[in-house]
Amino acid sequence: MPIGDPVNRYIYDLFKYDTHVSFEFFPPKTNQGRKQIYQSIAKLKDMNPDFFSVTYGAGGTTAETSLEIATALTNLAQVTCVAHITCVGMNRSEVKSLLELLEFHGITNVLALRGDPPQGQTEFVKPDDGFAYASELVSFIRDNSNMGILVAGYPEGHKDNPDKEDDFKHLLEKINAGANGIITQLFFDNRYLLDFSNRLKGAGVDIPVIAGIFPISNGKQIQRITELSGATIPDDLLAAIEKYGDSPTEMELIGTDYAVKQVTELLEAGITHFHFYTMNRHDQTRKILYQLKHYFPRLNFV
(Lines give C-alpha, C1' and ligand atoms only; values in the text may rest on other atoms or scores of the structure.)
Protein backbone atom coordinates (compact mmCIF):
# COMPACT_ATOMS: atom_id res chain seq x y z
CA MET A 1 0.00 0.00 0.00
CA PRO A 2 1.65 3.31 -1.00
CA ILE A 3 2.28 6.03 1.52
CA GLY A 4 -0.29 8.79 1.09
CA ASP A 5 -3.45 8.71 -0.97
CA PRO A 6 -2.91 8.87 -4.74
CA VAL A 7 -6.63 9.21 -5.53
CA ASN A 8 -7.29 12.06 -7.98
CA ARG A 9 -3.60 12.86 -8.26
CA TYR A 10 -3.11 11.52 -11.76
CA ILE A 11 -1.94 14.17 -14.16
CA TYR A 12 -4.63 13.50 -16.73
CA ASP A 13 -7.32 14.39 -14.17
CA LEU A 14 -5.87 17.89 -13.85
CA PHE A 15 -6.26 18.77 -17.50
CA LYS A 16 -10.04 18.98 -17.17
CA TYR A 17 -9.60 22.55 -15.94
CA ASP A 18 -9.60 25.46 -18.36
CA THR A 19 -6.28 26.82 -17.11
CA HIS A 20 -3.31 25.16 -15.51
CA VAL A 21 -0.25 26.30 -13.53
CA SER A 22 2.60 24.14 -12.29
CA PHE A 23 6.11 24.67 -10.91
CA GLU A 24 9.45 22.94 -11.37
CA PHE A 25 12.24 22.43 -8.84
CA PHE A 26 15.67 20.82 -9.02
CA PRO A 27 17.45 18.91 -6.22
CA PRO A 28 19.78 21.24 -4.26
CA LYS A 29 23.36 20.23 -3.46
CA THR A 30 23.82 22.17 -0.22
CA ASN A 31 22.01 22.55 3.10
CA GLN A 32 21.32 26.18 2.28
CA GLY A 33 19.83 25.06 -1.02
CA ARG A 34 17.61 22.59 0.86
CA LYS A 35 16.39 25.36 3.13
CA GLN A 36 15.60 27.57 0.13
CA ILE A 37 13.70 24.92 -1.79
CA TYR A 38 11.48 23.98 1.14
CA GLN A 39 10.73 27.64 1.84
CA SER A 40 9.76 28.06 -1.82
CA ILE A 41 7.61 24.93 -1.77
CA ALA A 42 5.74 26.26 1.28
CA LYS A 43 5.09 29.62 -0.39
CA LEU A 44 4.06 28.22 -3.78
CA LYS A 45 2.01 25.35 -2.33
CA ASP A 46 -0.31 27.91 -0.74
CA MET A 47 -1.12 29.23 -4.22
CA ASN A 48 -2.88 25.95 -5.07
CA PRO A 49 -0.95 24.99 -8.24
CA ASP A 50 -1.89 21.88 -10.19
CA PHE A 51 1.40 20.11 -9.57
CA PHE A 52 5.08 20.43 -8.77
CA SER A 53 7.77 18.63 -10.74
CA VAL A 54 11.23 17.62 -9.53
CA THR A 55 14.16 17.07 -11.87
CA TYR A 56 16.24 13.91 -11.59
CA GLY A 57 19.97 13.36 -11.64
CA ALA A 58 20.96 9.81 -12.57
CA GLY A 59 22.96 8.18 -9.81
CA GLY A 60 24.45 9.52 -6.58
CA THR A 61 23.07 11.92 -4.01
CA THR A 62 21.24 14.08 -6.56
CA ALA A 63 18.93 11.19 -7.38
CA GLU A 64 18.40 10.55 -3.68
CA THR A 65 17.57 14.20 -3.08
CA SER A 66 15.12 14.15 -5.99
CA LEU A 67 13.23 11.30 -4.37
CA GLU A 68 13.35 13.03 -0.97
CA ILE A 69 11.80 16.21 -2.35
CA ALA A 70 9.20 14.40 -4.46
CA THR A 71 8.20 12.32 -1.42
CA ALA A 72 7.95 15.40 0.79
CA LEU A 73 5.80 17.18 -1.78
CA THR A 74 3.48 14.19 -2.05
CA ASN A 75 3.14 13.12 1.56
CA LEU A 76 3.93 16.18 3.67
CA ALA A 77 2.82 19.06 1.46
CA GLN A 78 -0.01 16.85 0.11
CA VAL A 79 0.28 18.16 -3.46
CA THR A 80 0.53 16.37 -6.78
CA CYS A 81 4.12 15.72 -7.77
CA VAL A 82 5.62 14.74 -11.13
CA ALA A 83 8.98 12.99 -10.75
CA HIS A 84 11.41 13.15 -13.66
CA ILE A 85 12.82 9.86 -14.89
CA THR A 86 15.48 9.45 -17.59
CA CYS A 87 17.14 6.79 -19.72
CA VAL A 88 20.58 7.76 -18.41
CA GLY A 89 22.53 5.11 -16.52
CA MET A 90 19.64 2.73 -15.85
CA ASN A 91 18.69 -0.61 -17.36
CA ARG A 92 15.13 -1.92 -17.56
CA SER A 93 15.26 -3.63 -14.20
CA GLU A 94 16.50 -0.47 -12.49
CA VAL A 95 13.81 1.64 -14.14
CA LYS A 96 11.16 -0.84 -13.00
CA SER A 97 12.53 -0.71 -9.45
CA LEU A 98 12.45 3.10 -9.52
CA LEU A 99 8.83 3.09 -10.71
CA GLU A 100 7.91 0.73 -7.87
CA LEU A 101 9.71 2.98 -5.37
CA LEU A 102 7.90 6.07 -6.64
CA GLU A 103 4.55 4.28 -6.44
CA PHE A 104 5.36 3.10 -2.90
CA HIS A 105 5.83 6.73 -1.89
CA GLY A 106 2.49 7.70 -3.45
CA ILE A 107 4.01 9.40 -6.51
CA THR A 108 1.76 8.61 -9.45
CA ASN A 109 3.12 10.78 -12.27
CA VAL A 110 6.42 11.03 -14.14
CA LEU A 111 8.06 13.16 -16.81
CA ALA A 112 9.83 10.67 -19.07
CA LEU A 113 13.02 11.97 -20.70
CA ARG A 114 15.99 10.56 -22.55
CA GLY A 115 18.17 12.78 -20.38
CA ASP A 116 21.46 14.56 -20.91
CA PRO A 117 24.81 12.75 -20.90
CA PRO A 118 26.48 12.61 -17.47
CA GLN A 119 29.08 15.28 -16.72
CA GLY A 120 32.26 14.53 -18.61
CA GLN A 121 30.49 12.79 -21.50
CA THR A 122 29.68 14.56 -24.76
CA GLU A 123 27.17 12.05 -26.15
CA PHE A 124 24.35 9.97 -24.73
CA VAL A 125 25.23 6.28 -24.48
CA LYS A 126 22.44 3.72 -24.26
CA PRO A 127 22.86 1.61 -21.09
CA ASP A 128 23.07 -2.16 -21.50
CA ASP A 129 19.47 -3.44 -21.52
CA GLY A 130 18.32 0.15 -21.28
CA PHE A 131 16.62 2.65 -23.55
CA ALA A 132 17.99 4.67 -26.45
CA TYR A 133 14.99 6.98 -26.80
CA ALA A 134 12.41 8.54 -24.52
CA SER A 135 9.66 6.87 -26.57
CA GLU A 136 11.01 3.47 -25.49
CA LEU A 137 10.98 4.64 -21.87
CA VAL A 138 7.39 5.89 -22.18
CA SER A 139 6.28 2.56 -23.62
CA PHE A 140 8.02 0.66 -20.80
CA ILE A 141 6.44 2.87 -18.12
CA ARG A 142 3.02 2.44 -19.71
CA ASP A 143 3.44 -1.36 -19.76
CA ASN A 144 4.84 -1.66 -16.24
CA SER A 145 2.94 0.88 -14.13
CA ASN A 146 -0.21 2.95 -13.81
CA MET A 147 1.72 6.22 -13.89
CA GLY A 148 0.48 9.39 -15.52
CA ILE A 149 3.13 10.26 -18.10
CA LEU A 150 4.31 13.62 -19.37
CA VAL A 151 6.98 14.06 -22.06
CA ALA A 152 9.18 16.95 -23.15
CA GLY A 153 8.51 19.00 -26.27
CA TYR A 154 10.91 21.41 -27.95
CA PRO A 155 9.24 24.35 -29.73
CA GLU A 156 12.52 25.26 -31.44
CA GLY A 157 13.68 21.66 -31.84
CA HIS A 158 16.14 19.81 -29.63
CA LYS A 159 19.56 21.46 -29.72
CA ASP A 160 21.27 18.08 -30.24
CA ASN A 161 19.18 17.24 -33.30
CA PRO A 162 19.78 19.51 -36.31
CA ASP A 163 17.02 17.72 -38.22
CA LYS A 164 13.84 19.42 -36.99
CA GLU A 165 11.59 17.01 -38.91
CA ASP A 166 13.28 14.06 -37.22
CA ASP A 167 12.94 15.80 -33.86
CA PHE A 168 9.19 16.24 -34.37
CA LYS A 169 8.88 12.61 -35.45
CA HIS A 170 10.46 11.53 -32.15
CA LEU A 171 7.93 13.64 -30.25
CA LEU A 172 5.06 11.93 -32.06
CA GLU A 173 6.60 8.56 -31.17
CA LYS A 174 6.59 9.55 -27.48
CA ILE A 175 2.97 10.62 -27.72
CA ASN A 176 1.94 7.43 -29.49
CA ALA A 177 3.77 5.38 -26.85
CA GLY A 178 1.31 6.61 -24.23
CA ALA A 179 2.03 10.18 -23.08
CA ASN A 180 -0.76 12.11 -21.34
CA GLY A 181 0.68 15.58 -21.89
CA ILE A 182 3.65 17.61 -23.15
CA ILE A 183 5.76 20.09 -21.16
CA THR A 184 7.77 22.35 -23.42
CA GLN A 185 11.30 23.46 -22.98
CA LEU A 186 11.66 27.12 -22.05
CA PHE A 187 11.30 29.63 -24.87
CA PHE A 188 11.16 33.42 -25.12
CA ASP A 189 9.70 33.98 -28.56
CA ASN A 190 6.03 33.03 -28.53
CA ARG A 191 5.97 32.42 -32.27
CA TYR A 192 7.84 29.16 -31.75
CA LEU A 193 5.33 27.89 -29.20
CA LEU A 194 2.32 28.85 -31.32
CA ASP A 195 3.81 27.23 -34.42
CA PHE A 196 4.63 24.14 -32.35
CA SER A 197 1.08 23.94 -30.98
CA ASN A 198 -0.46 24.36 -34.43
CA ARG A 199 1.79 21.70 -35.87
CA LEU A 200 0.74 19.23 -33.19
CA LYS A 201 -2.91 19.96 -33.90
CA GLY A 202 -2.23 19.42 -37.60
CA ALA A 203 -0.76 16.02 -36.76
CA GLY A 204 -3.92 15.06 -34.89
CA VAL A 205 -2.38 15.35 -31.41
CA ASP A 206 -5.02 16.17 -28.81
CA ILE A 207 -3.10 15.84 -25.52
CA PRO A 208 -2.41 19.09 -23.61
CA VAL A 209 0.66 21.21 -24.31
CA ILE A 210 2.06 22.94 -21.22
CA ALA A 211 4.14 26.02 -22.09
CA GLY A 212 7.44 26.18 -20.19
CA ILE A 213 8.03 29.70 -18.82
CA PHE A 214 11.41 30.77 -17.47
CA PRO A 215 11.36 33.99 -15.38
CA ILE A 216 14.59 35.86 -16.11
CA SER A 217 16.36 37.33 -13.09
CA ASN A 218 20.08 37.20 -13.91
CA GLY A 219 21.94 38.25 -17.05
CA LYS A 220 24.75 35.69 -16.79
CA GLN A 221 22.31 32.94 -15.89
CA ILE A 222 20.16 33.52 -18.95
CA GLN A 223 23.23 33.39 -21.18
CA ARG A 224 24.08 29.98 -19.74
CA ILE A 225 20.48 28.78 -20.00
CA THR A 226 20.19 29.71 -23.66
CA GLU A 227 23.52 28.05 -24.45
CA LEU A 228 22.24 24.82 -22.90
CA SER A 229 18.75 24.97 -24.40
CA GLY A 230 19.32 26.68 -27.74
CA ALA A 231 16.38 29.02 -27.04
CA THR A 232 16.18 32.17 -29.16
CA ILE A 233 16.11 35.54 -27.37
CA PRO A 234 14.10 38.22 -29.21
CA ASP A 235 16.01 41.39 -30.06
CA ASP A 236 14.16 43.64 -27.60
CA LEU A 237 14.78 41.27 -24.71
CA LEU A 238 18.41 40.77 -25.73
CA ALA A 239 18.96 44.54 -25.80
CA ALA A 240 17.53 44.84 -22.26
CA ILE A 241 19.75 42.03 -21.00
CA GLU A 242 22.84 43.60 -22.55
CA LYS A 243 22.00 46.97 -20.99
CA TYR A 244 20.97 45.85 -17.51
CA GLY A 245 22.56 42.40 -17.20
CA ASP A 246 24.86 43.48 -14.36
CA SER A 247 21.99 44.79 -12.22
CA PRO A 248 20.07 42.03 -10.42
CA THR A 249 17.28 44.44 -9.44
CA GLU A 250 16.73 45.71 -12.97
CA MET A 251 17.02 42.22 -14.46
CA GLU A 252 14.33 40.83 -12.18
CA LEU A 253 11.97 43.69 -13.07
CA ILE A 254 12.65 43.15 -16.77
CA GLY A 255 12.22 39.39 -16.43
CA THR A 256 8.97 39.75 -14.48
CA ASP A 257 7.47 42.19 -16.97
CA TYR A 258 8.56 40.03 -19.89
CA ALA A 259 7.03 36.86 -18.43
CA VAL A 260 3.73 38.67 -17.74
CA LYS A 261 3.67 39.90 -21.34
CA GLN A 262 4.65 36.48 -22.68
CA VAL A 263 1.94 34.59 -20.76
CA THR A 264 -0.70 37.22 -21.56
CA GLU A 265 -0.01 36.93 -25.30
CA LEU A 266 -0.19 33.15 -25.12
CA LEU A 267 -3.44 33.19 -23.16
CA GLU A 268 -4.98 35.52 -25.72
CA ALA A 269 -3.83 33.10 -28.45
CA GLY A 270 -5.57 30.18 -26.74
CA ILE A 271 -2.68 28.60 -24.77
CA THR A 272 -3.94 27.92 -21.25
CA HIS A 273 -1.44 25.56 -19.56
CA PHE A 274 1.79 26.91 -18.05
CA HIS A 275 4.79 25.36 -16.28
CA PHE A 276 7.17 27.74 -14.47
CA TYR A 277 10.87 26.93 -14.16
CA THR A 278 11.31 28.49 -10.70
CA MET A 279 15.04 27.83 -10.12
CA ASN A 280 13.92 26.87 -6.59
CA ARG A 281 12.73 30.44 -5.90
CA HIS A 282 9.20 31.60 -5.20
CA ASP A 283 9.11 35.39 -5.10
CA GLN A 284 9.41 36.25 -8.80
CA THR A 285 7.04 33.52 -9.98
CA ARG A 286 4.47 34.62 -7.44
CA LYS A 287 4.77 38.26 -8.57
CA ILE A 288 4.27 37.23 -12.19
CA LEU A 289 1.18 35.18 -11.44
CA TYR A 290 -0.28 37.83 -9.13
CA GLN A 291 -0.36 40.21 -12.10
CA LEU A 292 -2.14 37.49 -14.10
CA LYS A 293 -4.47 36.27 -11.36
CA HIS A 294 -7.68 37.18 -13.21
CA TYR A 295 -6.71 34.56 -15.81
CA PHE A 296 -6.16 31.85 -13.16
CA PRO A 297 -9.15 31.86 -10.78
CA ARG A 298 -8.09 28.67 -9.02
CA LEU A 299 -4.84 30.21 -7.79
CA ASN A 300 -4.82 31.50 -4.22
CA PHE A 301 -3.01 34.70 -3.16
CA VAL A 302 -4.15 35.05 0.43
# chains A, B, ... in the order shown; residues from 1 in each chain; ligands from 1
call {"tool": "residues_around", "arguments": {"residues": "Pro27 in chain A", "least_positions_apart": "3", "cutoff": "8 Å", "atoms": "only C-alpha atoms", "output": "NGL selection string"}}
result
:A and (34 or 54-56 or 62-63 or 65-66 or 69)
call {"tool": "residues_around", "arguments": {"residues": "Asn91 in chain A", "least_positions_apart": "4", "cutoff": "7 Å", "atoms": "only C-alpha atoms", "output": "JSON, numbers by chain"}}
result
{"A": [95, 127, 128, 129, 130]}
call {"tool": "select_by_dssp", "arguments": {"residues": "range 24-223 of chain A", "states": "alpha helix (DSSP H)", "output": "PyMOL selection string"}}
result
chain A and resi 31-45+60-75+92-104+134-144+164-176+190-202+219-223
call {"tool": "closest_residue", "arguments": {"among": "A:Asn109, A:Ala240, A:Leu289, A:Ala70", "to": "Asp13 in chain A", "atoms": "only C-alpha atoms"}}
result
A:Asn109
call {"tool": "residues_around", "arguments": {"residues": "Ala211 in chain A", "least_positions_apart": "2", "cutoff": "7 Å", "atoms": "only C-alpha atoms", "output": "list in words"}}
result
Ile183, Thr184, Val209, Ile213, His273, Phe274 and His275 of chain A
